[in-house]
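Colleague: Dropping in my_file_13.csv, with CSV, C-alpha atoms (C1' of nucleotides).
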chain,number,residue,atom,x,y,z
U,1,MET,CA,-0.5,-10.2,-18.7
U,2,ILE,CA,2.9,-9.6,-20.3
U,3,ASP,CA,5.7,-8.5,-18.2
U,4,ALA,CA,6.9,-4.9,-17.4
U,5,SER,CA,9.4,-4.5,-20.2
U,6,GLY,CA,6.9,-5.9,-22.7
U,7,ARG,CA,4.3,-3.5,-21.6
U,8,LEU,CA,6.7,-0.6,-21.9
U,9,ARG,CA,7.8,-1.7,-25.3
U,10,ALA,CA,4.2,-2.0,-26.5
U,11,ALA,CA,3.6,1.5,-25.4
U,12,ARG,CA,6.8,2.7,-27.3
U,13,LEU,CA,8.4,3.9,-24.1
U,14,ARG,CA,12.1,3.2,-23.5
U,15,VAL,CA,12.7,0.3,-21.2
U,16,THR,CA,14.6,1.6,-18.3
U,17,ARG,CA,15.4,0.0,-15.0
U,18,ARG,CA,13.4,2.6,-13.0
U,19,ARG,CA,10.3,2.1,-15.0
U,20,VAL,CA,10.5,-1.7,-14.8
U,21,THR,CA,11.1,-1.4,-11.0
U,22,ILE,CA,8.0,0.8,-10.6
U,23,LEU,CA,5.8,-1.3,-12.8
U,24,ASP,CA,6.8,-4.4,-11.0
U,25,ALA,CA,6.3,-2.9,-7.6
U,26,LEU,CA,2.8,-1.6,-8.5
U,27,THR,CA,1.9,-4.9,-10.1
U,28,ALA,CA,3.1,-6.8,-7.0
U,29,LEU,CA,1.1,-4.4,-4.7
U,30,GLY,CA,-2.0,-4.4,-6.8
U,31,GLY,CA,-4.8,-2.0,-6.5
U,32,HIS,CA,-4.5,1.8,-6.2
U,33,ARG,CA,-1.3,2.9,-4.6
U,34,THR,CA,0.2,6.2,-3.5
U,35,ALA,CA,3.6,7.2,-4.7
U,36,ASP,CA,5.0,6.5,-1.3
U,37,GLU,CA,3.6,2.9,-1.3
U,38,ILE,CA,5.2,2.3,-4.7
U,39,ALA,CA,8.5,3.7,-3.5
U,40,ALA,CA,8.5,1.6,-0.3
U,41,ALA,CA,9.4,-1.8,-1.8
U,42,PRO,CA,12.5,-0.7,-3.8
U,43,ALA,CA,13.6,1.4,-0.8
U,44,ALA,CA,13.4,-1.6,1.5
U,45,ALA,CA,15.3,-3.6,-1.1
U,46,GLY,CA,18.2,-1.2,-0.8
U,47,SER,CA,17.7,0.9,-3.9
U,48,PRO,CA,15.7,4.0,-2.8
U,49,LEU,CA,13.8,5.6,-5.6
U,50,PRO,CA,14.2,9.3,-5.8
U,51,ARG,CA,11.0,11.3,-5.7
U,52,ALA,CA,11.7,13.1,-8.9
U,53,SER,CA,12.3,9.9,-10.8
U,54,LEU,CA,9.3,8.3,-9.4
U,55,TYR,CA,6.9,11.1,-10.4
U,56,HIS,CA,8.5,11.6,-13.8
U,57,ALA,CA,8.3,7.9,-14.6
U,58,LEU,CA,4.7,7.7,-13.3
U,59,ALA,CA,3.7,10.7,-15.4
U,60,ALA,CA,5.3,9.2,-18.5
U,61,MET,CA,3.6,5.9,-18.0
U,62,ALA,CA,0.2,7.4,-17.2
U,63,ASP,CA,0.6,9.5,-20.3
U,64,ALA,CA,1.1,6.3,-22.3
U,65,SER,CA,-1.9,4.7,-20.6
U,66,ILE,CA,0.1,1.9,-19.1
U,67,LEU,CA,-0.9,3.3,-15.7
U,68,LEU,CA,-3.9,5.4,-14.7
U,69,VAL,CA,-4.7,7.8,-12.0
U,70,ALA,CA,-7.5,6.6,-9.7
U,71,ASP,CA,-10.0,9.3,-8.9
U,72,ALA,CA,-10.9,9.1,-5.2
U,73,GLY,CA,-11.3,12.7,-4.2
U,74,PRO,CA,-8.7,15.3,-3.5
U,75,GLY,CA,-5.5,14.5,-1.7
U,76,THR,CA,-2.7,12.1,-2.5
U,77,ALA,CA,-2.7,10.8,-6.0
U,78,ARG,CA,-3.2,7.0,-6.5
U,79,PHE,CA,-1.9,5.0,-9.4
U,80,GLU,CA,-3.0,1.7,-10.7
U,81,ILE,CA,-2.0,-0.7,-13.5
U,82,ALA,CA,-4.3,-0.1,-16.5
U,83,GLY,CA,-6.5,-3.1,-16.8
U,84,GLU,CA,-10.2,-3.8,-16.7
U,85,TRP,CA,-11.9,-0.5,-16.5
U,86,HIS,CA,-13.7,0.0,-13.2
U,87,HIS,CA,-14.7,2.7,-10.7
U,88,HIS,CA,-14.1,3.3,-7.0
U,89,LEU,CA,-16.0,3.4,-3.8
U,90,VAL,CA,-14.5,5.6,-1.1
U,91,CYS,CA,-15.7,4.6,2.3
U,92,ARG,CA,-16.9,7.5,4.4
U,93,SER,CA,-16.2,5.6,7.5
U,94,CYS,CA,-12.8,3.8,7.1
U,95,GLY,CA,-11.6,5.7,4.1
U,96,SER,CA,-10.7,2.6,2.2
U,97,ILE,CA,-11.1,2.4,-1.6
U,98,SER,CA,-12.8,-0.5,-3.2
U,99,ASP,CA,-13.1,-1.4,-6.9
U,100,VAL,CA,-16.5,-1.3,-8.4
U,101,PRO,CA,-16.9,-3.2,-11.7
U,102,CYS,CA,-18.0,-1.1,-14.6
U,103,ALA,CA,-21.1,-2.2,-16.4
U,104,ALA,CA,-19.8,-1.2,-19.7
U,105,GLY,CA,-16.2,-2.3,-19.3
U,106,VAL,CA,-14.9,0.1,-21.9
U,107,ARG,CA,-13.9,3.7,-21.8
U,108,PRO,CA,-15.7,6.0,-21.8
U,109,CYS,CA,-18.6,4.1,-20.2
U,110,LEU,CA,-20.8,7.2,-19.9
U,111,GLU,CA,-21.4,10.2,-22.2
U,112,ALA,CA,-21.6,13.8,-21.0
U,113,ASN,CA,-24.3,15.8,-22.6
U,114,LEU,CA,-22.0,18.7,-23.1
U,115,PRO,CA,-22.1,19.9,-26.7
U,116,GLY,CA,-18.7,20.2,-28.3
U,117,ALA,CA,-16.8,18.4,-25.6
U,118,VAL,CA,-14.7,15.3,-26.4
U,119,ILE,CA,-14.8,12.7,-23.6
U,120,ASP,CA,-12.3,9.9,-23.5
U,121,GLU,CA,-12.8,8.7,-20.0
U,122,ALA,CA,-15.6,8.7,-17.4
U,123,GLN,CA,-14.6,7.6,-13.9
U,124,VAL,CA,-17.2,7.3,-11.2
U,125,VAL,CA,-16.5,8.0,-7.6
U,126,PHE,CA,-19.0,6.4,-5.3
U,127,ARG,CA,-19.1,7.5,-1.7
U,128,GLY,CA,-20.8,5.7,1.1
U,129,LEU,CA,-20.0,2.8,3.3
U,130,CYS,CA,-17.9,-0.2,2.2
U,131,PRO,CA,-19.5,-3.6,2.8
U,132,ALA,CA,-17.4,-4.1,5.9
U,133,CYS,CA,-18.3,-0.8,7.5
U,134,ALA,CA,-22.0,-1.2,6.5
U,135,ALA,CA,-22.1,-4.6,8.2
U,136,GLY,CA,-20.1,-3.8,11.3
U,137,VAL,CA,-22.7,-1.5,12.9
U,138,ALA,CA,-21.2,1.6,14.4
U,139,PRO,CA,-18.6,3.0,12.0
U,140,ALA,CA,-16.7,5.5,14.1
U,141,SER,CA,-17.6,6.0,17.7
K,1,MET,CA,-32.0,30.4,-2.6
K,2,ILE,CA,-32.1,31.4,1.0
K,3,ASP,CA,-29.2,33.4,2.5
K,4,ALA,CA,-26.2,32.1,4.3
K,5,SER,CA,-27.5,32.2,7.8
K,6,GLY,CA,-30.7,30.6,6.8
K,7,ARG,CA,-28.8,27.7,5.2
K,8,LEU,CA,-26.7,27.3,8.2
K,9,ARG,CA,-29.7,27.3,10.5
K,10,ALA,CA,-31.5,24.8,8.3
K,11,ALA,CA,-28.5,22.5,8.7
K,12,ARG,CA,-28.6,23.0,12.4
K,13,LEU,CA,-25.2,24.5,12.4
K,14,ARG,CA,-24.3,27.5,14.6
K,15,VAL,CA,-24.4,30.7,12.7
K,16,THR,CA,-21.0,32.3,13.1
K,17,ARG,CA,-19.5,35.2,11.3
K,18,ARG,CA,-16.8,33.0,9.7
K,19,ARG,CA,-19.2,30.5,8.2
K,20,VAL,CA,-21.4,33.3,6.8
K,21,THR,CA,-18.3,34.9,5.3
K,22,ILE,CA,-17.2,31.7,3.7
K,23,LEU,CA,-20.6,30.8,2.4
K,24,ASP,CA,-21.1,34.3,1.0
K,25,ALA,CA,-17.7,34.3,-0.7
K,26,LEU,CA,-18.3,30.9,-2.3
K,27,THR,CA,-21.7,31.9,-3.4
K,28,ALA,CA,-20.4,35.1,-4.9
K,29,LEU,CA,-17.6,33.3,-6.7
K,30,GLY,CA,-19.8,30.4,-7.9
K,31,GLY,CA,-18.5,27.1,-9.2
K,32,HIS,CA,-15.9,24.9,-7.7
K,33,ARG,CA,-13.3,26.9,-5.8
K,34,THR,CA,-10.1,26.1,-3.9
K,35,ALA,CA,-9.6,27.1,-0.3
K,36,ASP,CA,-7.3,29.9,-1.5
K,37,GLU,CA,-9.8,31.4,-3.9
K,38,ILE,CA,-12.4,31.4,-1.1
K,39,ALA,CA,-10.1,33.1,1.3
K,40,ALA,CA,-9.0,35.7,-1.2
K,41,ALA,CA,-12.1,37.9,-1.1
K,42,PRO,CA,-12.3,38.4,2.7
K,43,ALA,CA,-8.5,38.9,2.8
K,44,ALA,CA,-8.8,41.6,0.2
K,45,ALA,CA,-11.6,43.2,2.2
K,46,GLY,CA,-9.3,43.5,5.2
K,47,SER,CA,-10.3,40.5,7.3
K,48,PRO,CA,-7.9,37.7,6.5
K,49,LEU,CA,-9.3,34.3,7.1
K,50,PRO,CA,-7.0,32.0,9.0
K,51,ARG,CA,-6.3,28.7,7.3
K,52,ALA,CA,-7.3,26.6,10.3
K,53,SER,CA,-10.7,28.4,10.5
K,54,LEU,CA,-11.3,28.1,6.8
K,55,TYR,CA,-10.6,24.4,6.7
K,56,HIS,CA,-12.5,23.7,9.9
K,57,ALA,CA,-15.5,25.6,8.8
K,58,LEU,CA,-15.4,24.0,5.3
K,59,ALA,CA,-15.3,20.6,6.8
K,60,ALA,CA,-18.2,21.3,9.1
K,61,MET,CA,-20.3,22.6,6.3
K,62,ALA,CA,-19.4,19.8,3.9
K,63,ASP,CA,-20.3,17.4,6.7
K,64,ALA,CA,-23.7,19.0,7.0
K,65,SER,CA,-24.1,18.9,3.2
K,66,ILE,CA,-24.3,22.6,2.7
K,67,LEU,CA,-21.2,22.4,0.7
K,68,LEU,CA,-19.7,19.6,-1.2
K,69,VAL,CA,-16.3,18.6,-2.4
K,70,ALA,CA,-15.9,18.4,-6.1
K,71,ASP,CA,-14.1,15.4,-7.4
K,72,ALA,CA,-11.7,16.4,-10.1
K,73,GLY,CA,-8.7,14.2,-9.6
K,74,PRO,CA,-6.0,14.4,-7.0
K,75,GLY,CA,-4.6,17.7,-5.9
K,76,THR,CA,-6.1,20.7,-4.4
K,77,ALA,CA,-9.6,20.3,-2.9
K,78,ARG,CA,-12.4,22.2,-4.5
K,79,PHE,CA,-15.6,23.1,-2.8
K,80,GLU,CA,-18.9,24.2,-4.2
K,81,ILE,CA,-22.3,25.2,-2.9
K,82,ALA,CA,-24.6,22.2,-2.7
K,83,GLY,CA,-27.3,22.7,-5.3
K,84,GLU,CA,-28.4,20.9,-8.5
K,85,TRP,CA,-26.5,17.6,-8.6
K,86,HIS,CA,-24.0,17.5,-11.4
K,87,HIS,CA,-20.7,16.1,-12.6
K,88,HIS,CA,-17.5,17.5,-13.8
K,89,LEU,CA,-15.4,17.5,-17.0
K,90,VAL,CA,-11.7,18.0,-16.5
K,91,CYS,CA,-10.1,19.3,-19.6
K,92,ARG,CA,-6.9,17.4,-20.5
K,93,SER,CA,-5.6,20.4,-22.4
K,94,CYS,CA,-6.4,23.5,-20.4
K,95,GLY,CA,-7.2,21.9,-17.0
K,96,SER,CA,-10.4,23.7,-16.6
K,97,ILE,CA,-13.4,22.2,-14.9
K,98,SER,CA,-16.8,22.4,-16.5
K,99,ASP,CA,-20.1,21.4,-15.0
K,100,VAL,CA,-21.9,18.5,-16.7
K,101,PRO,CA,-25.6,18.2,-15.9
K,102,CYS,CA,-26.7,15.0,-14.3
K,103,ALA,CA,-29.4,13.1,-16.1
K,104,ALA,CA,-30.9,11.9,-12.9
K,105,GLY,CA,-30.5,15.1,-10.9
K,106,VAL,CA,-30.7,13.3,-7.6
K,107,ARG,CA,-28.1,11.6,-5.4
K,108,PRO,CA,-27.1,8.9,-5.9
K,109,CYS,CA,-27.7,8.9,-9.6
K,110,LEU,CA,-25.9,5.6,-10.2
K,111,GLU,CA,-25.8,2.4,-8.3
K,112,ALA,CA,-22.7,0.4,-7.7
K,113,ASN,CA,-23.1,-3.3,-8.0
K,114,LEU,CA,-21.1,-4.0,-4.9
K,115,PRO,CA,-23.1,-6.3,-2.6
K,116,GLY,CA,-23.4,-4.9,0.9
K,117,ALA,CA,-22.1,-1.5,0.2
K,118,VAL,CA,-24.3,1.6,1.0
K,119,ILE,CA,-23.9,4.3,-1.6
K,120,ASP,CA,-25.1,7.8,-1.0
K,121,GLU,CA,-23.3,9.6,-3.7
K,122,ALA,CA,-22.0,8.9,-7.2
K,123,GLN,CA,-19.9,11.6,-8.8
K,124,VAL,CA,-18.6,11.2,-12.3
K,125,VAL,CA,-15.3,12.7,-13.4
K,126,PHE,CA,-15.2,13.1,-17.2
K,127,ARG,CA,-11.8,13.6,-18.8
K,128,GLY,CA,-11.2,14.8,-22.3
K,129,LEU,CA,-11.3,18.1,-24.1
K,130,CYS,CA,-13.6,21.0,-23.1
K,131,PRO,CA,-15.7,22.5,-25.9
K,132,ALA,CA,-13.2,25.4,-26.2
K,133,CYS,CA,-10.1,23.2,-26.5
K,134,ALA,CA,-11.9,20.7,-28.8
K,135,ALA,CA,-12.8,23.6,-31.1
K,136,GLY,CA,-9.6,25.5,-31.1
K,137,VAL,CA,-7.5,22.9,-33.0
K,138,ALA,CA,-4.1,22.2,-31.4
K,139,PRO,CA,-4.4,21.9,-27.6
K,140,ALA,CA,-0.9,22.2,-26.3
K,141,SER,CA,2.0,22.6,-28.7
A,1,DC,C1',31.2,0.8,-31.0
A,2,DT,C1',29.4,5.5,-31.2
A,3,DC,C1',26.2,8.9,-30.6
A,4,DG,C1',22.1,11.6,-29.9
A,5,DA,C1',17.9,11.8,-27.6
A,6,DC,C1',15.8,11.0,-23.7
A,7,DA,C1',15.6,9.3,-18.8
A,8,DT,C1',17.4,9.8,-14.2
A,9,DT,C1',19.0,12.2,-10.1
A,10,DG,C1',19.7,15.3,-6.1
A,11,DG,C1',18.4,18.8,-3.5
A,12,DA,C1',15.6,22.3,-2.4
A,13,DC,C1',11.4,24.7,-2.7
A,14,DT,C1',6.2,25.7,-2.8
A,15,DG,C1',2.0,25.3,-1.0
A,16,DC,C1',-2.0,22.4,0.8
A,17,DG,C1',-3.9,20.7,4.8
A,18,DT,C1',-3.5,19.3,9.7
A,19,DC,C1',-2.8,19.7,14.7
A,20,DC,C1',-3.1,21.6,19.3
A,21,DA,C1',-4.3,24.2,23.1
A,22,DA,C1',-6.0,28.8,24.5
A,23,DT,C1',-9.6,32.0,23.8
A,24,DC,C1',-14.0,33.6,22.3
A,25,DT,C1',-19.0,33.5,21.1
A,26,DA,C1',-23.7,31.8,19.7
A,27,DG,C1',-27.7,31.0,21.6
A,28,DA,C1',-30.4,28.4,25.2
A,29,DG,C1',-32.2,28.9,29.8
A,30,DG,C1',-33.3,31.7,33.8
E,1,DC,C1',-31.3,41.2,29.7
E,2,DC,C1',-27.7,38.3,32.0
E,3,DT,C1',-25.3,33.9,32.6
E,4,DC,C1',-23.3,29.8,31.2
E,5,DT,C1',-21.4,26.1,28.4
E,6,DA,C1',-20.7,23.6,24.3
E,7,DG,C1',-18.8,24.3,20.4
E,8,DA,C1',-16.3,27.6,17.1
E,9,DT,C1',-12.2,30.3,16.1
E,10,DT,C1',-7.4,31.3,16.1
E,11,DG,C1',-2.2,31.4,15.6
E,12,DG,C1',1.7,29.2,14.7
E,13,DA,C1',4.2,25.5,13.2
E,14,DC,C1',4.7,21.1,11.2
E,15,DG,C1',4.4,17.2,7.7
E,16,DC,C1',4.1,15.8,3.4
E,17,DA,C1',2.9,15.6,-1.8
E,18,DG,C1',4.5,17.1,-5.9
E,19,DT,C1',7.5,20.2,-8.8
E,20,DC,C1',11.6,22.3,-10.8
E,21,DC,C1',16.2,22.6,-12.8
E,22,DA,C1',20.5,21.6,-14.6
E,23,DA,C1',24.0,18.0,-14.7
E,24,DT,C1',24.8,13.3,-15.6
E,25,DG,C1',23.7,8.7,-17.1
E,26,DT,C1',21.7,5.3,-20.2
E,27,DC,C1',18.8,3.1,-24.0
E,28,DG,C1',18.9,1.5,-28.4
E,29,DA,C1',19.4,2.8,-33.4
E,30,DG,C1',22.9,2.7,-37.0
How does this structure look as structure tokens?
Modeller:
Amino acid sequence: MIDASGRLRAARLRVTRRRVTILDALTALGGHRTADEIAAAPAAAGSPLPRASLYHALAAMADASILLVADAGPGTARFEIAGEWHHHLVCRSCGSISDVPCAAGVRPCLEANLPGAVIDEAQVVFRGLCPACAAGVAPAS
Amino acid sequence: MIDASGRLRAARLRVTRRRVTILDALTALGGHRTADEIAAAPAAAGSPLPRASLYHALAAMADASILLVADAGPGTARFEIAGEWHHHLVCRSCGSISDVPCAAGVRPCLEANLPGAVIDEAQVVFRGLCPACAAGVAPAS
DNA sequence: CTCGACATTGGACTGCGTCCAATCTAGAGG
DNA sequence: CCTCTAGATTGGACGCAGTCCAATGTCGAG
């Protein structure tokens, strides 16, 4: 995987310090992260990341498909580095989000039988119990 | 379809005025609605519905599977009457949400190949252009 | 180096959803 | 029909995600 500035350049986005910071932070964290989690690292390192900048940059990068928004039900938005296409399992017990490999591996992996619609992405949200909660007997007590 | 109190009784929930009001409002509106949209009708009719009650009742009914939460990306939660299982198409241009019939028609309609996980629901979020936007040429300009 | 287009920033604001403890009520049992 | 209790409702306020705007800073092309 090429580095942050390379990815930005490839997407024809201007390479700015903020965007590199955000991409690096998200890459380091891995997985699907909330805006706050992404902002935490730079903040701890002494250069707090203004909300407006964060959201603006995230939107621009999501727009360019460098990032994508993980569907996991309503609530806080979660971002992840665009990579292997996959889906998510939201645990009803612990609330954790696990990645679920996609059989097809390409977008869109499913077609909607809606005449006239143009689908470019199909993301599946699985709900149930994650392996850990399914194994450990009583979930919540 | 049986009426609100019947549905509540069938789910072994206590039949209270609030819940009936909410179910009726959502049934009348149809589709996937935000909490505000659900509260609007009773409010206009002179009996405003307190936020806390609304959310509490919605949570209880969603828990009992009388209602379900429609996945349509992060943001405001949308509720709908549990009925025929289906998915959603979120239009990238106009933001509208359309129902997409589910081939299987039963939950869960897809399996996740995640060893050990217990899936009870698989909801697909399609993204792209709704028929209207796909037809009307330029989406946003 | 210069310049224009575009990105960043601060600060405040909107609005969803949650929390808590007091009060009320559905519905079972007598 | 009356009583009783678990569970539902309520009000009010809080926390937090995400947005907006206009001024300023910076990338990168020429």
Colleague: If I take atom CA of K:Ala41 and atom CA of K:Gly6, how far is one from the other in Å, to one decimal?
Modeller: 21.5 Å
Colleague: Could you check which of K:Pro50, K:Gly128, K:Pro74, K:Gly116 is closest to chain E, using only C-alpha atoms (C1' of nucleotides)?
Modeller: K:Pro50
Colleague: Which polymer residues have any atom within 10 Å of an atom of K:Val125, counting all atoms listed in the file, with same-chain residues fewer than 2 positions away left out, as a PyMOL selection string?
Modeller: (chain U and resi 71-72+112+121-125) or (chain K and resi 70-73+87-90+97+100+122-123+127)
Colleague: Can you list, as a ChimeraX atom specification, every protein, DNA or RNA residue that comes within 10 Å of stretch 9-15 of chain K when you count only C-alpha atoms (C1' of nucleotides), leaving out same-chain residues fewer than 6 positions away?
Modeller: /K:2,60-61,63-66 /A:26-27 /E:7-8
Colleague: Emit the selected residues as a JSON list (two decimals), in the frame of the given file, including C-alpha atoms (C1' of nucleotides).
Modeller:
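The new file selection.json reads:
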[["chain", "number", "residue", "atom", "x", "y", "z"],
["K", 2, "ILE", "CA", -32.10, 31.40, 1.00],
["K", 60, "ALA", "CA", -18.20, 21.30, 9.10],
["K", 61, "MET", "CA", -20.30, 22.60, 6.30],
["K", 63, "ASP", "CA", -20.30, 17.40, 6.70],
["K", 64, "ALA", "CA", -23.70, 19.00, 7.00],
["K", 65, "SER", "CA", -24.10, 18.90, 3.20],
["K", 66, "ILE", "CA", -24.30, 22.60, 2.70],
["A", 26, "DA", "C1'", -23.70, 31.80, 19.70],
["A", 27, "DG", "C1'", -27.70, 31.00, 21.60],
["E", 7, "DG", "C1'", -18.80, 24.30, 20.40],
["E", 8, "DA", "C1'", -16.30, 27.60, 17.10]]
Colleague: Would you compute the distance between atom CA of U:Ala59 and atom CA of U:Gly31? Give it in Å to one decimal.
Modeller: 17.7 Å
Colleague: After a least-squares superposition on chain U over all sequentially paired C-alpha atoms, what is chain K as a compact mmCIF listing (two decimals) with C-alpha atoms, keeping the file's coordinate frame?
Modeller:
# COMPACT_ATOMS: atom_id res chain seq x y z
CA MET K 1 -0.51 -10.19 -18.75
CA ILE K 2 2.79 -9.51 -20.38
CA ASP K 3 5.77 -8.39 -18.25
CA ALA K 4 6.89 -4.91 -17.52
CA SER K 5 9.30 -4.44 -20.34
CA GLY K 6 6.88 -5.81 -22.80
CA ARG K 7 4.23 -3.30 -21.67
CA LEU K 8 6.64 -0.52 -21.90
CA ARG K 9 7.74 -1.54 -25.37
CA ALA K 10 4.15 -1.90 -26.50
CA ALA K 11 3.59 1.70 -25.41
CA ARG K 12 6.64 2.75 -27.29
CA LEU K 13 8.29 3.93 -24.17
CA ARG K 14 12.02 3.38 -23.51
CA VAL K 15 12.62 0.45 -21.29
CA THR K 16 14.63 1.72 -18.35
CA ARG K 17 15.44 0.06 -15.11
CA ARG K 18 13.40 2.62 -13.11
CA ARG K 19 10.21 2.15 -15.07
CA VAL K 20 10.50 -1.66 -14.84
CA THR K 21 11.03 -1.32 -11.09
CA ILE K 22 8.03 0.88 -10.68
CA LEU K 23 5.79 -1.21 -12.85
CA ASP K 24 6.88 -4.39 -11.08
CA ALA K 25 6.30 -2.89 -7.63
CA LEU K 26 2.83 -1.64 -8.56
CA THR K 27 1.95 -4.91 -10.09
CA ALA K 28 3.14 -6.78 -7.04
CA LEU K 29 1.22 -4.50 -4.71
CA GLY K 30 -1.96 -4.46 -6.84
CA GLY K 31 -4.76 -1.95 -6.47
CA HIS K 32 -4.52 1.75 -6.23
CA ARG K 33 -1.30 2.83 -4.54
CA THR K 34 0.26 6.15 -3.51
CA ALA K 35 3.67 7.22 -4.70
CA ASP K 36 5.03 6.36 -1.23
CA GLU K 37 3.69 2.83 -1.19
CA ILE K 38 5.24 2.27 -4.64
CA ALA K 39 8.58 3.55 -3.56
CA ALA K 40 8.60 1.55 -0.36
CA ALA K 41 9.44 -1.85 -1.84
CA PRO K 42 12.54 -0.82 -3.85
CA ALA K 43 13.71 1.32 -0.89
CA ALA K 44 13.43 -1.68 1.37
CA ALA K 45 15.37 -3.75 -1.16
CA GLY K 46 18.26 -1.30 -0.96
CA SER K 47 17.71 0.87 -4.02
CA PRO K 48 15.82 3.94 -2.92
CA LEU K 49 13.82 5.53 -5.63
CA PRO K 50 14.24 9.27 -5.86
CA ARG K 51 11.02 11.24 -5.73
CA ALA K 52 11.71 13.16 -8.93
CA SER K 53 12.31 9.87 -10.85
CA LEU K 54 9.25 8.24 -9.41
CA TYR K 55 6.96 11.10 -10.30
CA HIS K 56 8.51 11.60 -13.72
CA ALA K 57 8.29 8.00 -14.59
CA LEU K 58 4.69 7.75 -13.26
CA ALA K 59 3.66 10.65 -15.34
CA ALA K 60 5.23 9.23 -18.46
CA MET K 61 3.54 5.94 -17.99
CA ALA K 62 0.16 7.43 -17.13
CA ASP K 63 0.53 9.54 -20.26
CA ALA K 64 1.08 6.42 -22.31
CA SER K 65 -1.89 4.75 -20.59
CA ILE K 66 0.05 1.97 -19.00
CA LEU K 67 -0.94 3.30 -15.70
CA LEU K 68 -3.83 5.37 -14.67
CA VAL K 69 -4.66 7.74 -11.89
CA ALA K 70 -7.46 6.68 -9.67
CA ASP K 71 -9.97 9.31 -8.82
CA ALA K 72 -10.85 9.13 -5.18
CA GLY K 73 -11.27 12.70 -4.10
CA PRO K 74 -8.66 15.31 -3.43
CA GLY K 75 -5.45 14.45 -1.68
CA THR K 76 -2.73 12.09 -2.42
CA ALA K 77 -2.59 10.70 -5.98
CA ARG K 78 -3.14 7.03 -6.44
CA PHE K 79 -1.95 5.05 -9.38
CA GLU K 80 -2.97 1.67 -10.63
CA ILE K 81 -2.06 -0.66 -13.46
CA ALA K 82 -4.29 -0.07 -16.46
CA GLY K 83 -6.45 -3.14 -16.85
CA GLU K 84 -10.20 -3.90 -16.65
CA TRP K 85 -11.99 -0.54 -16.49
CA HIS K 86 -13.63 0.03 -13.16
CA HIS K 87 -14.74 2.60 -10.62
CA HIS K 88 -14.09 3.25 -7.04
CA LEU K 89 -16.04 3.34 -3.75
CA VAL K 90 -14.60 5.57 -1.08
CA CYS K 91 -15.75 4.52 2.30
CA ARG K 92 -16.98 7.47 4.41
CA SER K 93 -16.22 5.57 7.59
CA CYS K 94 -12.92 3.79 7.14
CA GLY K 95 -11.57 5.67 4.07
CA SER K 96 -10.78 2.59 2.19
CA ILE K 97 -11.08 2.33 -1.55
CA SER K 98 -12.84 -0.61 -3.12
CA ASP K 99 -13.03 -1.47 -6.78
CA VAL K 100 -16.51 -1.36 -8.34
CA PRO K 101 -16.86 -3.22 -11.63
CA CYS K 102 -17.93 -1.17 -14.58
CA ALA K 103 -21.03 -2.35 -16.36
CA ALA K 104 -19.71 -1.26 -19.68
CA GLY K 105 -16.11 -2.34 -19.20
CA VAL K 106 -14.84 0.01 -21.85
CA ARG K 107 -13.75 3.66 -21.79
CA PRO K 108 -15.64 5.89 -21.85
CA CYS K 109 -18.51 4.06 -20.29
CA LEU K 110 -20.69 7.16 -19.93
CA GLU K 111 -21.29 10.09 -22.16
CA ALA K 112 -21.49 13.63 -20.98
CA ASN K 113 -24.15 15.71 -22.58
CA LEU K 114 -21.88 18.66 -23.05
CA PRO K 115 -22.04 19.81 -26.69
CA GLY K 116 -18.60 20.05 -28.25
CA ALA K 117 -16.69 18.36 -25.56
CA VAL K 118 -14.58 15.21 -26.40
CA ILE K 119 -14.71 12.67 -23.63
CA ASP K 120 -12.28 9.82 -23.45
CA GLU K 121 -12.78 8.72 -19.94
CA ALA K 122 -15.57 8.65 -17.36
CA GLN K 123 -14.61 7.57 -13.87
CA VAL K 124 -17.20 7.30 -11.17
CA VAL K 125 -16.40 7.99 -7.53
CA PHE K 126 -18.95 6.30 -5.24
CA ARG K 127 -19.13 7.52 -1.65
CA GLY K 128 -20.85 5.74 1.16
CA LEU K 129 -20.11 2.79 3.37
CA CYS K 130 -17.99 -0.21 2.27
CA PRO K 131 -19.55 -3.64 2.83
CA ALA K 132 -17.42 -4.08 5.99
CA CYS K 133 -18.41 -0.76 7.58
CA ALA K 134 -22.08 -1.16 6.50
CA ALA K 135 -22.13 -4.55 8.23
CA GLY K 136 -20.27 -3.76 11.35
CA VAL K 137 -22.90 -1.44 12.91
CA ALA K 138 -21.47 1.82 14.29
CA PRO K 139 -18.89 3.31 11.89
CA ALA K 140 -17.02 5.86 13.90
CA SER K 141 -17.96 6.51 17.51
Colleague: Mind listing as a PyMOL selection string which residues of chain E are within 10 Å of chain K, counting all atoms listed in the file?
Modeller: chain E and resi 7-11+17-18
Colleague: For a quick check of your reading of the model, name the residues lying within 12 Å of the coordinate (-18.1, 33.7, -5.9), counting only C-alpha atoms (C1' of nucleotides), and write them as a PyMOL selection string.
Modeller: chain K and resi 21-34+37-42+79-81
